[in-house]
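Text of query.txt, listed as compact mmCIF, C-alpha atoms:
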# COMPACT_ATOMS: atom_id res chain seq x y z
CA MET X 1 -79.53 23.65 -69.32
CA LYS X 2 -76.86 21.44 -70.89
CA LYS X 3 -74.22 23.02 -68.69
CA SER X 4 -76.29 22.36 -65.59
CA LEU X 5 -76.83 18.70 -66.57
CA LEU X 6 -73.14 18.21 -67.28
CA LEU X 7 -72.22 19.72 -63.93
CA LEU X 8 -74.65 17.36 -62.12
CA ILE X 9 -73.15 14.28 -63.85
CA LEU X 10 -69.64 15.34 -62.87
CA LEU X 11 -70.67 15.76 -59.23
CA VAL X 12 -72.25 12.25 -59.13
CA VAL X 13 -69.14 10.66 -60.70
CA PHE X 14 -66.84 12.47 -58.27
CA ALA X 15 -68.96 11.38 -55.27
CA CYS X 16 -68.89 7.73 -56.39
CA LYS X 17 -65.14 7.89 -56.86
CA GLU X 18 -64.68 9.26 -53.34
CA LYS X 19 -66.92 6.52 -51.89
CA LYS X 20 -65.02 3.80 -53.79
CA GLU X 21 -61.65 5.10 -52.57
CA GLU X 22 -62.99 5.16 -49.01
CA VAL X 23 -63.96 1.46 -49.14
CA ILE X 24 -60.62 0.41 -50.60
CA ASP X 25 -58.76 2.45 -47.98
CA LEU X 26 -60.56 0.88 -45.02
CA THR X 27 -60.37 -2.77 -46.02
CA PRO X 28 -56.64 -3.37 -45.38
CA ARG X 29 -56.87 -1.92 -41.86
CA GLU X 30 -59.72 -4.26 -40.95
CA VAL X 31 -57.78 -7.33 -42.13
CA VAL X 32 -54.64 -6.36 -40.18
CA ASN X 33 -56.59 -5.84 -36.97
CA THR X 34 -58.24 -9.25 -37.27
CA GLU X 35 -54.90 -10.99 -37.75
CA ASP X 36 -53.40 -9.20 -34.74
CA GLU X 37 -56.09 -10.67 -32.47
CA VAL X 38 -55.38 -14.31 -33.42
CA LYS X 39 -53.42 -16.11 -30.68
CA GLU X 40 -51.68 -19.41 -31.20
CA GLU X 41 -52.65 -22.12 -28.67
CA VAL X 42 -50.20 -24.86 -27.71
CA GLU X 43 -51.74 -28.33 -27.78
CA LEU X 44 -50.64 -30.68 -24.97
CA THR X 45 -50.08 -34.39 -25.46
CA GLN X 46 -51.79 -36.10 -22.50
CA TYR X 47 -50.60 -39.30 -20.84
CA PRO X 48 -52.30 -41.50 -18.23
CA LYS X 49 -51.18 -42.05 -14.65
CA GLU X 50 -48.15 -44.33 -14.39
CA GLU X 51 -47.32 -46.68 -11.49
CA ASN X 52 -44.23 -48.74 -10.72
CA LYS X 53 -44.03 -49.29 -6.97
CA VAL X 54 -40.32 -49.89 -6.42
CA LEU X 55 -40.02 -48.16 -3.03
CA ASP X 56 -41.00 -49.49 0.40
CA VAL X 57 -42.29 -46.51 2.38
CA ILE X 58 -43.21 -46.26 6.07
CA ILE X 59 -44.36 -43.06 7.76
CA PRO X 60 -43.79 -42.49 11.50
CA MET X 61 -47.08 -43.39 13.22
CA TYR X 62 -49.04 -46.30 14.73
CA TYR X 63 -50.30 -49.09 12.48
CA ASP X 64 -52.88 -51.84 12.84
CA LYS X 65 -50.64 -54.84 13.56
CA GLU X 66 -52.84 -57.31 11.73
CA VAL X 67 -52.88 -55.19 8.57
CA HIS X 68 -49.34 -53.80 8.44
CA ALA X 69 -47.11 -56.24 10.33
CA SER X 70 -45.53 -57.65 7.16
CA GLU X 71 -44.61 -54.18 5.89
CA ILE X 72 -42.95 -53.17 9.16
CA ALA X 73 -41.12 -56.51 9.37
CA LYS X 74 -39.11 -55.48 6.28
CA MET X 75 -37.39 -52.65 8.16
CA ASN X 76 -33.70 -53.23 9.00
CA ASP X 77 -30.38 -51.40 9.38
CA LYS X 78 -30.17 -50.76 5.62
CA TRP X 79 -33.25 -48.55 5.60
CA LEU X 80 -33.07 -44.77 5.11
CA SER X 81 -34.87 -41.72 6.49
CA PHE X 82 -35.95 -38.73 4.40
CA TYR X 83 -35.92 -35.52 6.44
CA ASP X 84 -37.13 -31.97 5.92
CA ARG X 85 -34.97 -29.79 8.18
CA ASN X 86 -36.43 -26.32 7.62
CA GLY X 87 -36.33 -26.67 3.85
CA LEU X 88 -33.11 -28.70 3.74
CA TYR X 89 -34.09 -32.13 2.42
CA LYS X 90 -31.71 -34.95 3.28
CA VAL X 91 -31.55 -38.75 3.06
CA VAL X 92 -29.67 -40.39 5.95
CA PRO X 93 -29.39 -43.87 7.52
CA ALA X 94 -32.58 -44.63 9.37
CA LYS X 95 -32.83 -44.63 13.14
CA PHE X 96 -36.13 -46.07 14.27
CA GLU X 97 -37.81 -47.80 17.17
CA ILE X 98 -40.78 -50.17 16.95
CA SER X 99 -43.24 -50.23 19.85
CA GLU X 100 -46.54 -51.92 20.56
CA LYS X 101 -49.76 -50.78 22.17
CA VAL X 102 -53.48 -51.56 22.23
CA ASN X 103 -55.83 -49.28 20.37
CA GLU X 104 -58.29 -48.12 23.05
CA CYS X 105 -60.82 -47.29 20.37
CA ASN X 106 -61.32 -50.86 19.14
CA ASP X 107 -58.99 -53.04 21.29
CA THR X 108 -56.75 -53.99 18.34
CA ASP X 109 -52.99 -54.48 18.62
CA MET X 110 -50.89 -51.73 17.09
CA LEU X 111 -47.28 -51.29 16.01
CA GLY X 112 -45.65 -47.88 16.20
CA VAL X 113 -42.62 -46.86 14.12
CA PHE X 114 -40.88 -43.67 15.25
CA SER X 115 -37.47 -42.05 15.26
CA PRO X 116 -35.65 -41.77 18.62
CA GLU X 117 -34.75 -38.21 17.59
CA ALA X 118 -36.93 -35.20 18.32
CA LEU X 119 -37.62 -34.54 14.62
CA GLU X 120 -39.51 -37.23 12.76
CA PRO X 121 -38.65 -37.89 9.10
CA LEU X 122 -41.17 -37.33 6.34
CA PHE X 123 -40.89 -41.09 5.84
CA PHE X 124 -38.64 -44.11 6.17
CA LEU X 125 -37.77 -45.92 2.96
CA GLY X 126 -36.27 -49.26 2.06
CA PRO X 127 -32.90 -49.52 0.32
CA ASN X 128 -33.03 -48.78 -3.41
CA PRO X 129 -30.11 -48.02 -5.78
CA MET X 130 -31.94 -44.95 -7.14
CA ILE X 131 -32.03 -43.19 -3.76
CA LYS X 132 -28.62 -42.02 -2.56
CA GLN X 133 -27.78 -40.56 0.83
CA GLY X 134 -27.11 -36.85 1.16
CA VAL X 135 -28.73 -33.45 0.64
CA LYS X 136 -31.20 -33.28 -2.24
CA ASP X 137 -31.68 -30.45 -4.73
CA ALA X 138 -35.08 -29.07 -3.82
CA MET X 139 -37.46 -26.22 -4.62
CA ALA X 140 -39.31 -24.11 -2.08
CA VAL X 141 -42.73 -25.75 -1.86
CA ASN X 142 -45.60 -23.45 -2.78
CA LYS X 143 -47.89 -23.62 0.25
CA ALA X 144 -50.97 -22.51 -1.68
CA PRO X 145 -53.62 -25.25 -2.01
CA LEU X 146 -53.64 -27.09 -5.33
CA TRP X 147 -57.17 -26.00 -6.10
CA PRO X 148 -58.56 -26.03 -9.65
CA SER X 149 -57.76 -22.85 -11.62
CA GLN X 150 -54.75 -22.14 -9.38
CA ASN X 151 -51.78 -23.62 -11.25
CA GLN X 152 -48.36 -23.91 -9.65
CA GLU X 153 -45.14 -23.57 -11.64
CA TYR X 154 -41.62 -24.70 -10.80
CA LEU X 155 -38.50 -23.91 -12.85
CA PHE X 156 -35.78 -26.55 -12.51
CA ASN X 157 -32.71 -27.18 -14.71
CA GLY X 158 -34.14 -25.06 -17.52
CA LYS X 159 -37.54 -26.78 -17.56
CA LYS X 160 -40.92 -25.40 -16.46
CA TYR X 161 -43.08 -27.85 -14.50
CA THR X 162 -46.76 -26.95 -14.10
CA LEU X 163 -49.24 -28.57 -11.70
CA ARG X 164 -52.83 -28.10 -12.88
CA ALA X 165 -55.94 -29.35 -11.09
CA GLU X 166 -59.52 -30.08 -12.12
CA GLY X 167 -62.52 -30.86 -9.93
CA ILE X 168 -66.03 -29.96 -8.83
CA GLU X 169 -66.22 -27.84 -5.68
CA THR X 170 -68.76 -29.27 -3.25
CA ARG X 171 -68.36 -26.98 -0.23
CA SER X 172 -66.09 -24.42 1.42
CA TYR X 173 -65.72 -22.78 4.81
CA ASN X 174 -63.37 -20.58 6.82
CA TYR X 175 -61.49 -21.84 9.87
CA THR X 176 -58.74 -20.72 12.25
CA ASP X 177 -55.50 -22.70 12.17
CA ASP X 178 -53.23 -23.52 15.13
CA SER X 179 -51.40 -20.20 14.76
CA GLY X 180 -54.66 -18.23 15.01
CA LYS X 181 -54.68 -17.29 11.33
CA GLU X 182 -57.92 -17.52 9.38
CA GLN X 183 -57.79 -19.98 6.49
CA LYS X 184 -60.20 -21.13 3.79
CA TYR X 185 -60.99 -24.78 3.14
CA LYS X 186 -62.45 -26.09 -0.11
CA GLU X 187 -63.68 -29.59 -0.77
CA PHE X 188 -63.92 -31.23 -4.19
CA MET X 189 -65.21 -34.31 -5.92
CA LYS X 190 -63.82 -35.86 -9.14
CA TYR X 191 -60.49 -34.20 -8.36
CA LYS X 192 -57.62 -34.68 -10.81
CA LEU X 193 -54.10 -33.27 -10.74
CA TYR X 194 -51.91 -33.05 -13.85
CA LEU X 195 -48.21 -32.36 -14.37
CA SER X 196 -47.02 -30.74 -17.60
CA VAL X 197 -43.50 -30.21 -18.94
CA GLY X 198 -43.24 -28.54 -22.33
CA THR X 199 -46.01 -29.96 -24.52
CA ASP X 200 -46.43 -33.15 -22.44
CA GLU X 201 -49.07 -33.43 -19.71
CA GLN X 202 -49.62 -36.43 -17.44
CA LEU X 203 -52.33 -37.38 -14.94
CA ILE X 204 -50.84 -37.65 -11.43
CA LEU X 205 -53.71 -37.86 -8.94
CA ASP X 206 -57.30 -39.01 -9.40
CA ILE X 207 -59.31 -38.73 -6.16
CA PRO X 208 -63.11 -39.23 -6.32
CA GLU X 209 -63.94 -37.28 -3.14
CA PHE X 210 -62.60 -35.79 0.11
CA ASN X 211 -63.88 -35.79 3.68
CA ASP X 212 -62.49 -32.84 5.68
CA LYS X 213 -59.04 -33.35 4.13
CA PHE X 214 -57.17 -32.16 1.05
CA ILE X 215 -53.87 -32.97 -0.61
CA THR X 216 -50.62 -31.35 0.51
CA LEU X 217 -47.41 -31.05 -1.48
CA LEU X 218 -44.55 -32.18 0.81
CA PHE X 219 -41.52 -32.15 -1.50
CA VAL X 220 -40.51 -30.84 -4.93
CA GLY X 221 -36.97 -31.68 -5.94
CA ASP X 222 -34.59 -34.26 -7.34
CA LEU X 223 -34.87 -37.25 -5.04
CA ASP X 224 -33.55 -39.89 -7.47
CA GLY X 225 -30.65 -37.82 -8.86
CA ASP X 226 -31.53 -37.81 -12.56
CA GLY X 227 -31.77 -34.01 -12.93
CA ASN X 228 -35.57 -33.94 -13.17
CA LEU X 229 -38.17 -33.04 -10.56
CA ASP X 230 -39.72 -35.64 -8.27
CA PHE X 231 -42.74 -35.04 -6.03
CA VAL X 232 -44.04 -36.24 -2.67
CA PHE X 233 -47.70 -35.68 -1.76
CA ASP X 234 -49.84 -36.23 1.30
CA THR X 235 -52.95 -37.48 -0.49
CA SER X 236 -55.07 -38.24 2.59
CA SER X 237 -58.69 -37.94 1.46
CA ASP X 238 -60.35 -38.62 4.83
CA TYR X 239 -59.64 -37.16 8.28
CA GLU X 240 -59.22 -40.71 9.66
CA GLU X 241 -56.63 -41.67 7.06
CA LYS X 242 -52.97 -40.90 6.39
CA THR X 243 -51.58 -41.45 2.88
CA VAL X 244 -48.23 -40.45 1.42
CA GLU X 245 -47.28 -40.97 -2.22
CA VAL X 246 -43.77 -40.68 -3.72
CA TYR X 247 -43.40 -39.90 -7.44
CA LEU X 248 -40.07 -40.38 -9.23
CA SER X 249 -38.89 -39.44 -12.73
CA ARG X 250 -35.96 -41.85 -13.22
CA GLY X 251 -37.15 -44.64 -15.49
CA ALA X 252 -40.54 -43.05 -16.22
CA LYS X 253 -42.20 -43.80 -19.56
CA HIS X 254 -43.41 -40.22 -19.76
CA LEU X 255 -42.86 -37.70 -16.92
CA ILE X 256 -43.16 -39.33 -13.49
CA TYR X 257 -44.65 -42.43 -11.90
CA LEU X 258 -45.98 -43.52 -8.51
CA ALA X 259 -42.92 -45.25 -7.02
CA GLY X 260 -43.95 -45.62 -3.37
CA LEU X 261 -47.18 -45.48 -1.38
CA VAL X 262 -48.20 -45.93 2.23
CA SER X 263 -51.78 -45.57 3.46
CA VAL X 264 -53.01 -46.02 7.04
CA ASP X 265 -56.65 -46.13 8.12
CA PHE X 266 -56.89 -45.23 11.81
CA SER X 267 -60.66 -44.97 12.08
CA CYS X 268 -62.55 -46.78 14.83
For the file at hand, write its structure as structure tokens.
Amino acid sequence: MKKSLLLLILLVVFACKEKKEEVIDLTPREVVNTEDEVKEEVELTQYPKEENKVLDVIIPMYYDKEVHASEIAKMNDKWLSFYDRNGLYKVVPAKFEISEKVNECNDTDMLGVFSPEALEPLFFLGPNPMIKQGVKDAMAVNKAPLWPSQNQEYLFNGKKYTLRAEGIETRSYNYTDDSGKEQKYKEFMKYKLYLSVGTDEQLILDIPEFNDKFITLLFVGDLDGDGNLDFVFDTSSDYEEKTVEVYLSRGAKHLIYLAGLVSVDFSC
């Protein structure tokens, strides 16, 4: 009887010892796995939109004479043209002709500014010491729409530039472009576009709503010659409007600033 009782006690002690060793053995593995799943997140320092309109910009098209006559009157033989020749971006002396006509839609007088050459420039710009003549270092523009959740990245002089958008999608539809290819259009409200470099992020565009239009990236490169990226956008938000914005980095407080803007309303 005593032997049986002693044997039972030994079995219970041995079982407890095995259970205790099992708990101690599992605990380190659980802690290691938890630590492996922790990912460090980089916090961005955000900056507001910056403006310093130092460039006079004119795009080749017709303008309402009453509204834009003073802007066009500034143009002279010191002005420049900024061309995109199949991905080769170049600043050259401007060649332009100014013509007049009557807008048949509303009988208003109009002034047209166009190049006598077959290829029109992206824009004409007034003389400015920051903008030199010649070929500009440029990146291949990503043709994908700058929709929210579809970031675009550009690597230039050892820096990564990221364009990130936010907005509320209001509608979308498919359409066929001029080449016969099917495309998708998305429209947004409360649209914002940010540029980040390293741990700095800056607001670039803030557009409340669109009407059958969306922004287009026209140029990514070094327009002002400081070794950092500059950007040119078509920010037309309505199908009866044409707006081009030029963003430069030279002299920016943070990343880039709105240096030149032209906007033309050609609605009836």
For CA of Pro127 in chain X and CA of Asp222 in chain X, quote the distance in Å rounded to one decimal. 17.2 Å
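Residue nearest Asp84 in chain X, chosen from X:Leu195, X:Leu55, X:Met61, X:Leu218 and counting all atoms listed in the file: X:Leu218.
You can rank X:Pro116, X:Gly251, X:Pro48, X:Gly87 by their closest distance to Asp137 in chain X using all atoms listed in the file, and at the top of that list sits X:Gly87.
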Residues near Asp230 in chain X, cut-off 9 Å, all atoms listed in the file, skip fewer than 5 positions along chain, as a ChimeraX atom specification: /X:219-224,246-250,256
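The two atoms in question, CA of Gly126 in chain X and CA of Thr235 in chain X, are spaced 20.6 Å apart.
Of note, CA of Ser81 in chain X and CA of Tyr257 in chain X are spaced 20.8 Å apart.
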Counting all atoms listed in the file, select every polymer residue within 6 Å of (-35.3, -35.4, 0.1) as defined in the file's coordinates, and provide the selection as an mmCIF file with C-alpha atoms, in the coordinates of the input.
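That gives us out_29.cif:
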data_model
loop_
_atom_site.group_PDB
_atom_site.id
_atom_site.type_symbol
_atom_site.label_atom_id
_atom_site.label_comp_id
_atom_site.auth_asym_id
_atom_site.auth_seq_id
_atom_site.Cartn_x
_atom_site.Cartn_y
_atom_site.Cartn_z
ATOM 1 C CA PHE X 82 -35.950 -38.730 4.400
ATOM 2 C CA TYR X 89 -34.090 -32.130 2.420
ATOM 3 C CA LYS X 90 -31.710 -34.950 3.280
ATOM 4 C CA VAL X 91 -31.550 -38.750 3.060
ATOM 5 C CA LYS X 136 -31.200 -33.280 -2.240
ATOM 6 C CA LEU X 223 -34.870 -37.250 -5.040
#
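Among the candidates X:Asp265, X:Lys74, X:Tyr62, X:Leu122, the residue lying nearest to Lys101 in chain X is X:Tyr62 (atoms considered: only C-alpha atoms).
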For range 130-153 of chain X, which lacks atoms in the input, supply N, CA, C and O atoms and format the output as a JSON list (two decimals), keeping the file's coordinate frame.
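Output file out.json is given in full below:
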[["chain", "number", "residue", "atom", "x", "y", "z"],
["X", 130, "MET", "N", -31.64, -46.27, -6.61],
["X", 130, "MET", "CA", -31.94, -44.95, -7.14],
["X", 130, "MET", "C", -31.82, -43.85, -6.09],
["X", 130, "MET", "O", -31.61, -42.68, -6.43],
["X", 131, "ILE", "N", -32.00, -44.20, -4.82],
["X", 131, "ILE", "CA", -32.03, -43.19, -3.76],
["X", 131, "ILE", "C", -30.69, -43.20, -3.01],
["X", 131, "ILE", "O", -30.39, -44.16, -2.29],
["X", 132, "LYS", "N", -29.91, -42.15, -3.20],
["X", 132, "LYS", "CA", -28.62, -42.02, -2.56],
["X", 132, "LYS", "C", -28.74, -41.16, -1.30],
["X", 132, "LYS", "O", -29.62, -40.32, -1.19],
["X", 133, "GLN", "N", -27.82, -41.39, -0.37],
["X", 133, "GLN", "CA", -27.78, -40.56, 0.83],
["X", 133, "GLN", "C", -27.24, -39.16, 0.50],
["X", 133, "GLN", "O", -26.53, -38.97, -0.48],
["X", 134, "GLY", "N", -27.61, -38.21, 1.33],
["X", 134, "GLY", "CA", -27.11, -36.85, 1.16],
["X", 134, "GLY", "C", -28.22, -35.83, 0.98],
["X", 134, "GLY", "O", -29.40, -36.16, 0.96],
["X", 135, "VAL", "N", -27.80, -34.56, 0.84],
["X", 135, "VAL", "CA", -28.73, -33.45, 0.64],
["X", 135, "VAL", "C", -29.28, -33.50, -0.78],
["X", 135, "VAL", "O", -28.54, -33.76, -1.75],
["X", 136, "LYS", "N", -30.55, -33.23, -0.94],
["X", 136, "LYS", "CA", -31.20, -33.28, -2.24],
["X", 136, "LYS", "C", -31.49, -31.88, -2.78],
["X", 136, "LYS", "O", -31.88, -30.99, -2.02],
["X", 137, "ASP", "N", -31.27, -31.70, -4.09],
["X", 137, "ASP", "CA", -31.68, -30.45, -4.73],
["X", 137, "ASP", "C", -33.20, -30.33, -4.60],
["X", 137, "ASP", "O", -33.93, -31.26, -4.98],
["X", 138, "ALA", "N", -33.65, -29.21, -4.08],
["X", 138, "ALA", "CA", -35.08, -29.07, -3.82],
["X", 138, "ALA", "C", -35.53, -27.64, -4.10],
["X", 138, "ALA", "O", -34.74, -26.70, -4.05],
["X", 139, "MET", "N", -36.82, -27.51, -4.41],
["X", 139, "MET", "CA", -37.46, -26.22, -4.62],
["X", 139, "MET", "C", -38.23, -25.85, -3.36],
["X", 139, "MET", "O", -38.64, -26.72, -2.59],
["X", 140, "ALA", "N", -38.43, -24.56, -3.17],
["X", 140, "ALA", "CA", -39.31, -24.11, -2.08],
["X", 140, "ALA", "C", -40.73, -24.50, -2.45],
["X", 140, "ALA", "O", -41.23, -24.15, -3.52],
["X", 141, "VAL", "N", -41.38, -25.26, -1.58],
["X", 141, "VAL", "CA", -42.73, -25.75, -1.86],
["X", 141, "VAL", "C", -43.73, -24.60, -1.76],
["X", 141, "VAL", "O", -43.78, -23.88, -0.76],
["X", 142, "ASN", "N", -44.52, -24.44, -2.79],
["X", 142, "ASN", "CA", -45.60, -23.45, -2.78],
["X", 142, "ASN", "C", -46.68, -23.96, -1.82],
["X", 142, "ASN", "O", -47.24, -25.03, -2.03],
["X", 143, "LYS", "N", -46.94, -23.19, -0.78],
["X", 143, "LYS", "CA", -47.89, -23.62, 0.25],
["X", 143, "LYS", "C", -49.34, -23.41, -0.14],
["X", 143, "LYS", "O", -50.25, -23.84, 0.57],
["X", 144, "ALA", "N", -49.59, -22.74, -1.26],
["X", 144, "ALA", "CA", -50.97, -22.51, -1.68],
["X", 144, "ALA", "C", -51.64, -23.84, -2.02],
["X", 144, "ALA", "O", -51.01, -24.74, -2.57],
["X", 145, "PRO", "N", -52.92, -23.99, -1.69],
["X", 145, "PRO", "CA", -53.62, -25.25, -2.01],
["X", 145, "PRO", "C", -53.66, -25.49, -3.51],
["X", 145, "PRO", "O", -53.77, -24.54, -4.30],
["X", 146, "LEU", "N", -53.58, -26.73, -3.91],
["X", 146, "LEU", "CA", -53.64, -27.09, -5.33],
["X", 146, "LEU", "C", -55.09, -27.20, -5.77],
["X", 146, "LEU", "O", -55.57, -28.26, -6.19],
["X", 147, "TRP", "N", -55.78, -26.07, -5.68],
["X", 147, "TRP", "CA", -57.17, -26.00, -6.10],
["X", 147, "TRP", "C", -57.26, -25.85, -7.61],
["X", 147, "TRP", "O", -56.34, -25.32, -8.25],
["X", 148, "PRO", "N", -58.36, -26.29, -8.22],
["X", 148, "PRO", "CA", -58.56, -26.03, -9.65],
["X", 148, "PRO", "C", -58.48, -24.54, -9.95],
["X", 148, "PRO", "O", -58.86, -23.71, -9.14],
["X", 149, "SER", "N", -57.96, -24.22, -11.12],
["X", 149, "SER", "CA", -57.76, -22.85, -11.62],
["X", 149, "SER", "C", -56.67, -22.10, -10.88],
["X", 149, "SER", "O", -56.54, -20.89, -11.06],
["X", 150, "GLN", "N", -55.88, -22.78, -10.06],
["X", 150, "GLN", "CA", -54.75, -22.14, -9.38],
["X", 150, "GLN", "C", -53.49, -22.97, -9.64],
["X", 150, "GLN", "O", -53.03, -23.73, -8.80],
["X", 151, "ASN", "N", -52.95, -22.84, -10.86],
["X", 151, "ASN", "CA", -51.78, -23.62, -11.25],
["X", 151, "ASN", "C", -50.56, -23.22, -10.44],
["X", 151, "ASN", "O", -50.43, -22.08, -9.98],
["X", 152, "GLN", "N", -49.66, -24.18, -10.28],
["X", 152, "GLN", "CA", -48.36, -23.91, -9.65],
["X", 152, "GLN", "C", -47.26, -24.24, -10.64],
["X", 152, "GLN", "O", -47.31, -25.29, -11.30],
["X", 153, "GLU", "N", -46.24, -23.37, -10.72],
["X", 153, "GLU", "CA", -45.14, -23.57, -11.64],
["X", 153, "GLU", "C", -43.82, -23.65, -10.90],
["X", 153, "GLU", "O", -43.60, -22.92, -9.93]]
